[in-house]
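Novice: Can you read through this structure? Questions will come right after.
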Amino acid sequence: MKLGFIGTGALASAIVTGLKSLADNSVTVLLSPRNAEIATGLASRYPDVHVAADNQAVLDNCDTIMLAVRPQVAHDVLSKLRFRPDHHVVSLIATLSREEIAALTAPAEKVTKALPMPMIAYGQGATIILPPDPGMAALFGKLGKAIEVEDSAEFDALSVATATYATYFKYLDTIHGWLKDHGVGEARARDYIATLFKALAHAPETAPDAGFMHLAEEYATRGGLNEQILRELTDHRVFDHFAQSLDGVHRRILKS
Ligand SMILES: NC(=O)c1ccc[n+]([C@@H]2O[C@H](COP(=O)([O-])OP(=O)(O)OC[C@H]3O[C@@H](n4cnc5c(N)ncnc54)[C@H](OP(=O)(O)O)[C@@H]3O)[C@@H](O)[C@H]2O)c1
């Protein structure tokens, strides 16, 4: 596979880093020159990663093209490029539909949407792929989990879950701030929280048949401290508001 990237930013960098960290890293990569610092940095770190003279040179020299520019510039960037019918276009642009990408990259016949997460750099996390594609499932499967979906509505719904990462870290930051205010050293508090939540993250895997609420109840001993916080946040409708925010993100994804 000759893999080209249009847009060399945070996500392209994470994918290339993940791919080139594999024992079998035989994929040849050609990067578009923007962002220059990231592109030259990757090319200097890894063999078989090169920087093209311009975006069109990426298309002319590759069979699989990952689109990794921001949605705001996508129309402008893609409408200037000449795609071939045999290009496999893989769009990572979260908010543009497969139909919009297909229109912008015609006459390319094969258009796939993929939604990885930055942890792909370390071979972790999951990539959603629409529609199912054995080649992309194999590639992203080497870099974590690949989840192939047939239905764009399901892809859009799954995409909503990716909007919750920042909130998760704010949750951890709230605990961190509270611990610091109560005399725990910054580093110790961070280490303790990181270790606790790493262990909690494994709970669904160790009990594959347990629903999340079942796990919540397991930790919420009647009359205990976990039950107190869960009950108070539930009474304050924190989780209802959170679900409403998920609805809001979903509406935004459907409108774009
Ligand atoms: N980051 C994530 O976690 C994540 C997850 C899922 C999906 N995505 C999607 O992936 C896409 C890229 O996200 P990102 O976080 O990697 O964004 P980013 O870091 O801003 O990268 C976008 C890159 O595109 C470059 N660019 C701008 N104009 C260009 C042009 N005319 N030709 C070629 N490249 C150009 C930018 O270069 P300059 O720096 O020089 O402007 C930048 O390096 C977005 O559409 C986003 O929706 C991101």
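Identifiers in the structure tokens: chain A, B, ... in order shown; residue index from 1 per chain; ligand index from 1 in order shown.
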Neighbours of ligand 1 at 7 Å or closer, counting only C-alpha atoms and all ligand atoms: which residues, as a list in words?
Specialist: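 Using only C-alpha atoms and all ligand atoms, I find these residues within 7 Å of ligand 1: Ile6, Gly7, Thr8, Gly9, Ala10, Leu11, Ala12, Ser32, Pro33, Arg34, Asn35, Ala36, Asn55, Ala68, Val69, Arg70, Pro71, Val73, Val77, Leu92, Ile93, Ala94, Thr95, Leu115, Pro116, Met117 and Pro118 of chain A.
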Novice: Pick out each residue of range 8-255 of chain A that DSSP on the backbone tags as strand (DSSP E or B); I need them as an NGL selection string.
Specialist: :A and (28-31 or 49-51 or 64-67 or 88-91 or 110-115 or 126-130 or 145-148)
Novice: Would you please extract all helix (DSSP H, G or I) residues from range 7-212 of chain A, as assigned by DSSP on the backbone, and give them as a PyMOL selection string?
Specialist: chain A and resi 10-20+36-45+55-61+71-79+98-104+118-122+134-141+152-181+186-206+212
Novice: Select, from A:Gly211, A:Glu186, A:Ser97, A:Gln56, the residue with the minimum atom-to-atom distance to Arg82 in chain A, counting only C-alpha atoms.
Specialist: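 When distances to Arg82 in chain A are compared using only C-alpha atoms, the smallest one comes from A:Gln56.
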Novice: Measuring atom to atom with only C-alpha atoms, identify which of A:His202, A:Thr221, A:Thr162, A:His176 is nearest to Val249 in chain A.
Specialist: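 Closest to Val249 in chain A, using only C-alpha atoms: A:Thr162.
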Novice: Find, counting only C-alpha atoms, the residue in A:Lys198, A:Leu3, A:Asp247, A:Glu217 that gets nearest to Asp156 in chain A.
Specialist: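 That would be A:Asp247, the residue with the smallest distance to Asp156 in chain A.
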Novice: For Tyr122 in chain A, which of A:Leu19, A:Thr195, A:Asn226, A:Glu109 is the closest residue, counting only C-alpha atoms?
Specialist: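 Distance minimum relative to Tyr122 in chain A lands on A:Leu19.
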Novice: Quote the spacing between CA of Ala220 in chain A and CA of Val238 in chain A in Å to one decimal place.
Specialist: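 Atom-to-atom, CA of Ala220 in chain A to CA of Val238 in chain A, that is 17.2 Å.
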